Amino acid sequence: MNTQIFGQYCAGDSLLHHLDPRTKIICMLLFLAATFAVGSVLWIAAFFLIVVLLFILGGISLQIFWRNIRLFIWLYAVTFIIHLFIHPGDMLFRVPLTGWTATQQGVQFGVLFTVRIAVLLSLSTLLMLVTTPQDITDGLERLLKPLSKLKVPVGEIALMISIALRFVPTLMEEAARIQKAQAARGADLEGSGLKRLRKSIPMILPLFSGALKKADNLALALEARGYRGGRNRTKLIELKYRNCDLFSLVSVLIFTISVYILS
């Protein structure tokens with residue numbers, strides 16, 4: 001919880017902040033597709049460097065980037081270990097009493113998939129760092145608007161995504177508040193990772209109770225204000241493509257096609 005940044009928005013005046021949310025969503029999807037297309041460690045390392053440069057371009061400090069990487073260190077470790085032992089190839093060492101064999105190809109695939117996951121998570125975090133939840137909702141609603149002709153409730157889907165993104169930092173703040181209240185009552189929350197996890201189990205019930213109460217209050221507020229999703233709703237700020245949006249889309253599209261051709 002001390003390193004939580006997922007779902008937060010960092011106000012800024014960078015180029016990434018001023019791009020249309022539809023442009024940022026499409027560019028992120030193109031980057032993700034290009035990330036899955038590469039199959040070498042050098043290519044994925046280049047992608048990792050590009051993500052670092054995007055954080056700098058967005059005015060986001062590298063400290064926040066490192067906090068995002070460190071937040072999922074357990075996921076990277078599990079991914080690397082799994083690929084280290086499941087891929088056949090030239091043996092590096094064997095784990096005694098298990099029959100597990102680490103291979104050179106396993107190391108390569110482990111690095112490839114681990115860095116790929118880091119790139120995917122970093123790109124998703126960057127999108128939310130430079131885009132407000134409301135802009136993400138409006139962008140998704142505009143992109144999914146053609147589906148409304150098929151009777152798909154686009155407005156409601158966009159609203160649910162917006163609420164989900166907004167509730168992530170809210171729930172983390174609530175969990176931190178409950179943790180401090182438990183510590184003030186004398187609860188011992190220190191220890192190793194597993195011990196701290198086991199001691200945090202009593203926090204689950206009040207956390208879910210508070211989350212359900214917040215959801216109920218939000219539903220009452222929407223109903224009291226007469227909210228109705230649909231195409232008759234108007235927007236305070238209309239989204240418009242600018243030259244920088246078109247340039248960004250064309251650049252990322254050319255980059256993605258080039259990656260598919262070269263890899």
# chains A, B, ... in the order shown; residues from 1 in each chain; ligands from 1
call {"tool": "residues_around", "arguments": {"residues": "Leu159 (chain A)", "least_positions_apart": "4", "cutoff": "8 Å", "atoms": "only C-alpha atoms", "output": "list of chain:residue names"}}
result
A:Thr137, A:Gly155, A:Ile163
call {"tool": "select_by_dssp", "arguments": {"residues": "region 20-219 of chain A", "states": "strand (DSSP E or B)", "output": "MDAnalysis selection string"}}
result
chainID A and resid 91:94 101:103
call {"tool": "write_last_selection", "arguments": {"atoms": "N, CA and C atoms", "output": "CSV table (one decimal), in the first residue's frame"}}
result
chain,number,residue,atom,x,y,z
A,91,MET,N,21.3,-27.3,-20.7
A,91,MET,CA,21.2,-27.2,-19.2
A,91,MET,C,22.2,-26.3,-18.6
A,92,LEU,N,21.8,-25.5,-17.6
A,92,LEU,CA,22.7,-24.7,-16.9
A,92,LEU,C,22.9,-25.3,-15.5
A,93,PHE,N,21.9,-25.7,-14.8
A,93,PHE,CA,22.0,-26.4,-13.5
A,93,PHE,C,20.7,-27.2,-13.2
A,94,ARG,N,20.8,-28.1,-12.3
A,94,ARG,CA,19.6,-28.9,-11.9
A,94,ARG,C,19.4,-28.7,-10.4
A,101,THR,N,15.2,-28.6,-14.2
A,101,THR,CA,16.4,-28.3,-14.9
A,101,THR,C,16.3,-26.9,-15.5
A,102,ALA,N,17.2,-26.0,-15.1
A,102,ALA,CA,17.3,-24.7,-15.7
A,102,ALA,C,18.1,-24.7,-17.0
A,103,THR,N,17.6,-24.1,-18.0
A,103,THR,CA,18.2,-24.1,-19.3
A,103,THR,C,18.6,-22.7,-19.8
call {"tool": "closest_residue", "arguments": {"among": "A:Val252, A:Leu144, A:Leu126, A:Leu212", "to": "Ser61 (chain A)", "atoms": "only C-alpha atoms"}}
result
A:Leu126
call {"tool": "residues_around", "arguments": {"residues": "Ile254 (chain A)", "least_positions_apart": "6", "cutoff": "12 Å", "atoms": "only C-alpha atoms", "output": "MDAnalysis selection string"}}
result
chainID A and resid 27 30:31 34 247:248 260:261
call {"tool": "write_last_selection", "arguments": {"atoms": "N, CA and C atoms", "output": "PDB file, in the first residue's frame"}}
result
ATOM      1  N   CYS A  27      -3.102   4.494 -29.072  1.00  0.00           N
ATOM      2  CA  CYS A  27      -1.641   4.348 -29.107  1.00  0.00           C
ATOM      3  C   CYS A  27      -1.178   3.285 -28.120  1.00  0.00           C
ATOM      4  N   LEU A  30      -1.861  -0.091 -29.614  1.00  0.00           N
ATOM      5  CA  LEU A  30      -0.900  -0.383 -30.670  1.00  0.00           C
ATOM      6  C   LEU A  30       0.450  -0.779 -30.078  1.00  0.00           C
ATOM      7  N   PHE A  31       0.876  -0.080 -29.038  1.00  0.00           N
ATOM      8  CA  PHE A  31       2.126  -0.429 -28.364  1.00  0.00           C
ATOM      9  C   PHE A  31       2.057  -1.827 -27.758  1.00  0.00           C
ATOM     10  N   ALA A  34       2.389  -4.333 -30.505  1.00  0.00           N
ATOM     11  CA  ALA A  34       3.786  -4.432 -30.937  1.00  0.00           C
ATOM     12  C   ALA A  34       4.630  -5.167 -29.905  1.00  0.00           C
ATOM     13  N   PHE A 247      -0.556  13.256 -35.631  1.00  0.00           N
ATOM     14  CA  PHE A 247       0.862  12.927 -35.749  1.00  0.00           C
ATOM     15  C   PHE A 247       1.231  11.757 -34.845  1.00  0.00           C
ATOM     16  N   SER A 248       0.712  11.756 -33.627  1.00  0.00           N
ATOM     17  CA  SER A 248       1.006  10.668 -32.693  1.00  0.00           C
ATOM     18  C   SER A 248       0.443   9.349 -33.189  1.00  0.00           C
ATOM     19  N   TYR A 260       6.291  -5.301 -36.639  1.00  0.00           N
ATOM     20  CA  TYR A 260       5.749  -6.557 -37.158  1.00  0.00           C
ATOM     21  C   TYR A 260       6.573  -7.046 -38.347  1.00  0.00           C
ATOM     22  N   ILE A 261       6.995  -6.122 -39.212  1.00  0.00           N
ATOM     23  CA  ILE A 261       7.756  -6.525 -40.393  1.00  0.00           C
ATOM     24  C   ILE A 261       9.154  -6.993 -40.017  1.00  0.00           C
TER      25      ILE A 261
END
call {"tool": "closest_residue", "arguments": {"among": "A:Val111, A:Ser122, A:Ala215, A:Arg22", "to": "Leu49 (chain A)", "atoms": "only C-alpha atoms"}}
result
A:Ser122
call {"tool": "select_by_dssp", "arguments": {"residues": "region 87-185 of chain A", "states": "helix (DSSP H, G or I)", "output": "short mmCIF file (atom, residue, chain, number, x, y, z; two decimals) with N, CA and C atoms, in the first residue's frame"}}
result
data_model
loop_
_atom_site.label_atom_id
_atom_site.label_comp_id
_atom_site.auth_asym_id
_atom_site.auth_seq_id
_atom_site.Cartn_x
_atom_site.Cartn_y
_atom_site.Cartn_z
N GLN A 104 19.45 -22.60 -20.73
CA GLN A 104 19.83 -21.31 -21.30
C GLN A 104 18.65 -20.68 -22.03
N GLN A 105 17.88 -21.51 -22.74
CA GLN A 105 16.70 -21.00 -23.42
C GLN A 105 15.65 -20.53 -22.41
N GLY A 106 15.60 -21.21 -21.26
CA GLY A 106 14.68 -20.77 -20.21
C GLY A 106 15.01 -19.40 -19.69
N VAL A 107 16.32 -19.10 -19.56
CA VAL A 107 16.74 -17.76 -19.13
C VAL A 107 16.30 -16.72 -20.15
N GLN A 108 16.50 -17.01 -21.44
CA GLN A 108 16.12 -16.05 -22.49
C GLN A 108 14.61 -15.79 -22.49
N PHE A 109 13.83 -16.88 -22.45
CA PHE A 109 12.38 -16.70 -22.44
C PHE A 109 11.91 -16.05 -21.14
N GLY A 110 12.57 -16.37 -20.03
CA GLY A 110 12.22 -15.75 -18.76
C GLY A 110 12.41 -14.25 -18.78
N VAL A 111 13.56 -13.81 -19.31
CA VAL A 111 13.81 -12.37 -19.43
C VAL A 111 12.81 -11.73 -20.39
N LEU A 112 12.54 -12.41 -21.52
CA LEU A 112 11.62 -11.87 -22.51
C LEU A 112 10.24 -11.64 -21.93
N PHE A 113 9.67 -12.67 -21.28
CA PHE A 113 8.31 -12.54 -20.77
C PHE A 113 8.24 -11.65 -19.54
N THR A 114 9.29 -11.64 -18.72
CA THR A 114 9.29 -10.78 -17.54
C THR A 114 9.32 -9.32 -17.94
N VAL A 115 10.21 -8.96 -18.86
CA VAL A 115 10.28 -7.56 -19.31
C VAL A 115 9.01 -7.19 -20.07
N ARG A 116 8.43 -8.15 -20.81
CA ARG A 116 7.19 -7.87 -21.53
C ARG A 116 6.08 -7.51 -20.55
N ILE A 117 5.96 -8.24 -19.46
CA ILE A 117 4.94 -7.93 -18.46
C ILE A 117 5.21 -6.56 -17.85
N ALA A 118 6.50 -6.26 -17.58
CA ALA A 118 6.84 -4.95 -17.02
C ALA A 118 6.45 -3.83 -17.98
N VAL A 119 6.65 -4.04 -19.28
CA VAL A 119 6.28 -3.03 -20.28
C VAL A 119 4.76 -2.85 -20.32
N LEU A 120 4.02 -3.96 -20.30
CA LEU A 120 2.55 -3.88 -20.35
C LEU A 120 2.00 -3.14 -19.14
N LEU A 121 2.47 -3.48 -17.95
CA LEU A 121 1.98 -2.83 -16.74
C LEU A 121 2.39 -1.36 -16.70
N SER A 122 3.60 -1.06 -17.15
CA SER A 122 4.07 0.33 -17.14
C SER A 122 3.27 1.19 -18.11
N LEU A 123 2.96 0.65 -19.29
CA LEU A 123 2.16 1.41 -20.25
C LEU A 123 0.76 1.67 -19.71
N SER A 124 0.16 0.67 -19.08
CA SER A 124 -1.18 0.86 -18.50
C SER A 124 -1.15 1.90 -17.39
N THR A 125 -0.11 1.85 -16.55
CA THR A 125 0.02 2.83 -15.48
C THR A 125 0.25 4.22 -16.03
N LEU A 126 1.07 4.33 -17.08
CA LEU A 126 1.34 5.63 -17.69
C LEU A 126 0.06 6.25 -18.23
N LEU A 127 -0.80 5.43 -18.84
CA LEU A 127 -2.06 5.95 -19.38
C LEU A 127 -2.89 6.60 -18.27
N MET A 128 -2.95 5.97 -17.10
CA MET A 128 -3.75 6.52 -16.01
C MET A 128 -3.04 7.67 -15.30
N LEU A 129 -1.71 7.73 -15.39
CA LEU A 129 -0.98 8.84 -14.78
C LEU A 129 -1.16 10.14 -15.55
N PRO A 133 -9.56 9.92 -14.91
CA PRO A 133 -10.58 8.86 -15.09
C PRO A 133 -11.75 9.32 -15.95
N GLN A 134 -12.14 10.59 -15.82
CA GLN A 134 -13.25 11.09 -16.64
C GLN A 134 -12.88 11.10 -18.12
N ASP A 135 -11.63 11.49 -18.44
CA ASP A 135 -11.20 11.49 -19.84
C ASP A 135 -11.12 10.07 -20.39
N ILE A 136 -10.65 9.13 -19.56
CA ILE A 136 -10.61 7.74 -20.00
C ILE A 136 -12.03 7.24 -20.30
N THR A 137 -12.98 7.62 -19.44
CA THR A 137 -14.37 7.22 -19.66
C THR A 137 -14.91 7.79 -20.96
N ASP A 138 -14.67 9.10 -21.17
CA ASP A 138 -15.17 9.74 -22.39
C ASP A 138 -14.52 9.13 -23.63
N GLY A 139 -13.20 8.85 -23.55
CA GLY A 139 -12.52 8.26 -24.69
C GLY A 139 -13.05 6.88 -25.02
N LEU A 140 -13.23 6.05 -23.99
CA LEU A 140 -13.77 4.72 -24.22
C LEU A 140 -15.18 4.77 -24.78
N GLU A 141 -15.97 5.70 -24.26
CA GLU A 141 -17.36 5.81 -24.73
C GLU A 141 -17.40 6.22 -26.20
N ARG A 142 -16.51 7.13 -26.61
CA ARG A 142 -16.48 7.54 -28.01
C ARG A 142 -15.97 6.41 -28.91
N LEU A 143 -14.96 5.68 -28.43
CA LEU A 143 -14.42 4.59 -29.24
C LEU A 143 -15.41 3.44 -29.39
N LYS A 145 -18.67 3.81 -29.30
CA LYS A 145 -19.96 4.33 -29.72
C LYS A 145 -20.59 3.55 -30.88
N PRO A 146 -19.82 3.06 -31.88
CA PRO A 146 -20.45 2.27 -32.96
C PRO A 146 -21.19 1.04 -32.45
N LEU A 147 -20.78 0.51 -31.27
CA LEU A 147 -21.45 -0.68 -30.75
C LEU A 147 -22.85 -0.37 -30.24
N SER A 148 -23.15 0.92 -30.02
CA SER A 148 -24.49 1.27 -29.54
C SER A 148 -25.57 0.93 -30.56
N LYS A 149 -25.19 0.87 -31.84
CA LYS A 149 -26.15 0.48 -32.87
C LYS A 149 -26.55 -0.98 -32.73
N LEU A 150 -25.72 -1.76 -32.03
CA LEU A 150 -26.03 -3.17 -31.77
C LEU A 150 -26.69 -3.35 -30.41
N VAL A 154 -23.16 1.20 -24.19
CA VAL A 154 -21.81 1.77 -24.18
C VAL A 154 -21.64 2.73 -23.01
N GLY A 155 -22.64 3.59 -22.77
CA GLY A 155 -22.53 4.55 -21.68
C GLY A 155 -22.37 3.89 -20.33
N GLU A 156 -23.14 2.84 -20.07
CA GLU A 156 -23.05 2.14 -18.78
C GLU A 156 -21.72 1.42 -18.63
N ILE A 157 -21.21 0.84 -19.72
CA ILE A 157 -19.92 0.16 -19.67
C ILE A 157 -18.80 1.16 -19.34
N ALA A 158 -18.82 2.32 -20.01
CA ALA A 158 -17.81 3.34 -19.74
C ALA A 158 -17.91 3.84 -18.30
N LEU A 159 -19.13 3.99 -17.81
CA LEU A 159 -19.31 4.43 -16.43
C LEU A 159 -18.74 3.41 -15.45
N MET A 160 -18.98 2.14 -15.68
CA MET A 160 -18.46 1.09 -14.78
C MET A 160 -16.93 1.10 -14.77
N ILE A 161 -16.32 1.26 -15.94
CA ILE A 161 -14.86 1.30 -16.00
C ILE A 161 -14.33 2.50 -15.24
N SER A 162 -14.99 3.64 -15.40
CA SER A 162 -14.56 4.85 -14.69
C SER A 162 -14.66 4.68 -13.18
N ILE A 163 -15.76 4.09 -12.72
CA ILE A 163 -15.93 3.89 -11.29
C ILE A 163 -14.89 2.90 -10.75
N ALA A 164 -14.62 1.85 -11.53
CA ALA A 164 -13.62 0.87 -11.10
C ALA A 164 -12.25 1.51 -10.96
N LEU A 165 -11.85 2.34 -11.94
CA LEU A 165 -10.56 3.02 -11.87
C LEU A 165 -10.52 3.99 -10.68
N ARG A 166 -11.63 4.67 -10.45
CA ARG A 166 -11.67 5.64 -9.36
C ARG A 166 -11.63 4.97 -8.01
N PHE A 167 -12.18 3.76 -7.89
CA PHE A 167 -12.27 3.11 -6.59
C PHE A 167 -10.95 2.45 -6.17
N VAL A 168 -10.02 2.23 -7.11
CA VAL A 168 -8.75 1.60 -6.74
C VAL A 168 -8.00 2.42 -5.70
N PRO A 169 -7.67 3.70 -5.97
CA PRO A 169 -6.98 4.48 -4.93
C PRO A 169 -7.84 4.71 -3.70
N THR A 170 -9.18 4.81 -3.89
CA THR A 170 -10.06 5.00 -2.73
C THR A 170 -10.01 3.82 -1.78
N LEU A 171 -10.04 2.60 -2.33
CA LEU A 171 -9.97 1.40 -1.50
C LEU A 171 -8.61 1.28 -0.82
N MET A 172 -7.54 1.67 -1.52
CA MET A 172 -6.22 1.61 -0.91
C MET A 172 -6.10 2.61 0.23
N GLU A 173 -6.68 3.79 0.08
CA GLU A 173 -6.69 4.76 1.17
C GLU A 173 -7.50 4.24 2.36
N GLU A 174 -8.62 3.60 2.06
CA GLU A 174 -9.43 3.02 3.13
C GLU A 174 -8.68 1.91 3.85
N ALA A 175 -7.95 1.07 3.09
CA ALA A 175 -7.16 0.01 3.72
C ALA A 175 -6.06 0.59 4.61
N ALA A 176 -5.41 1.67 4.16
CA ALA A 176 -4.38 2.31 4.98
C ALA A 176 -4.98 2.89 6.25
N ARG A 177 -6.19 3.46 6.14
CA ARG A 177 -6.86 4.02 7.32
C ARG A 177 -7.22 2.92 8.32
N ILE A 178 -7.70 1.79 7.82
CA ILE A 178 -8.04 0.67 8.72
C ILE A 178 -6.78 0.13 9.37
N GLN A 179 -5.70 0.05 8.61
CA GLN A 179 -4.44 -0.45 9.16
C GLN A 179 -3.95 0.44 10.30
N LYS A 180 -4.04 1.75 10.12
CA LYS A 180 -3.62 2.67 11.19
C LYS A 180 -4.53 2.56 12.40
N ALA A 181 -5.83 2.36 12.17
CA ALA A 181 -6.75 2.17 13.29
C ALA A 181 -6.44 0.90 14.06
N GLN A 182 -6.10 -0.19 13.34
CA GLN A 182 -5.72 -1.44 14.00
C GLN A 182 -4.45 -1.26 14.81
N ALA A 183 -3.47 -0.55 14.24
CA ALA A 183 -2.21 -0.33 14.96
C ALA A 183 -2.44 0.53 16.18
N ALA A 184 -3.35 1.52 16.10
CA ALA A 184 -3.64 2.38 17.26
C ALA A 184 -4.29 1.59 18.39
#
call {"tool": "atom_distance", "arguments": {"atom1": "CA of Arg225 (chain A)", "atom2": "CA of Pro153 (chain A)"}}
result
19.8 Å
call {"tool": "residues_around", "arguments": {"residues": "Leu246 (chain A)", "least_positions_apart": "4", "cutoff": "12 Å", "atoms": "only C-alpha atoms", "output": "JSON, numbers by chain"}}
result
{"A": [19, 20, 22, 23, 24, 26, 27, 240, 241, 242, 250, 251, 252, 253]}
call {"tool": "atom_distance", "arguments": {"atom1": "CA of Val38 (chain A)", "atom2": "CA of Val51 (chain A)"}}
result
15.0 Å
call {"tool": "atom_distance", "arguments": {"atom1": "CA of Gly39 (chain A)", "atom2": "CA of Leu262 (chain A)"}}
result
10.7 Å
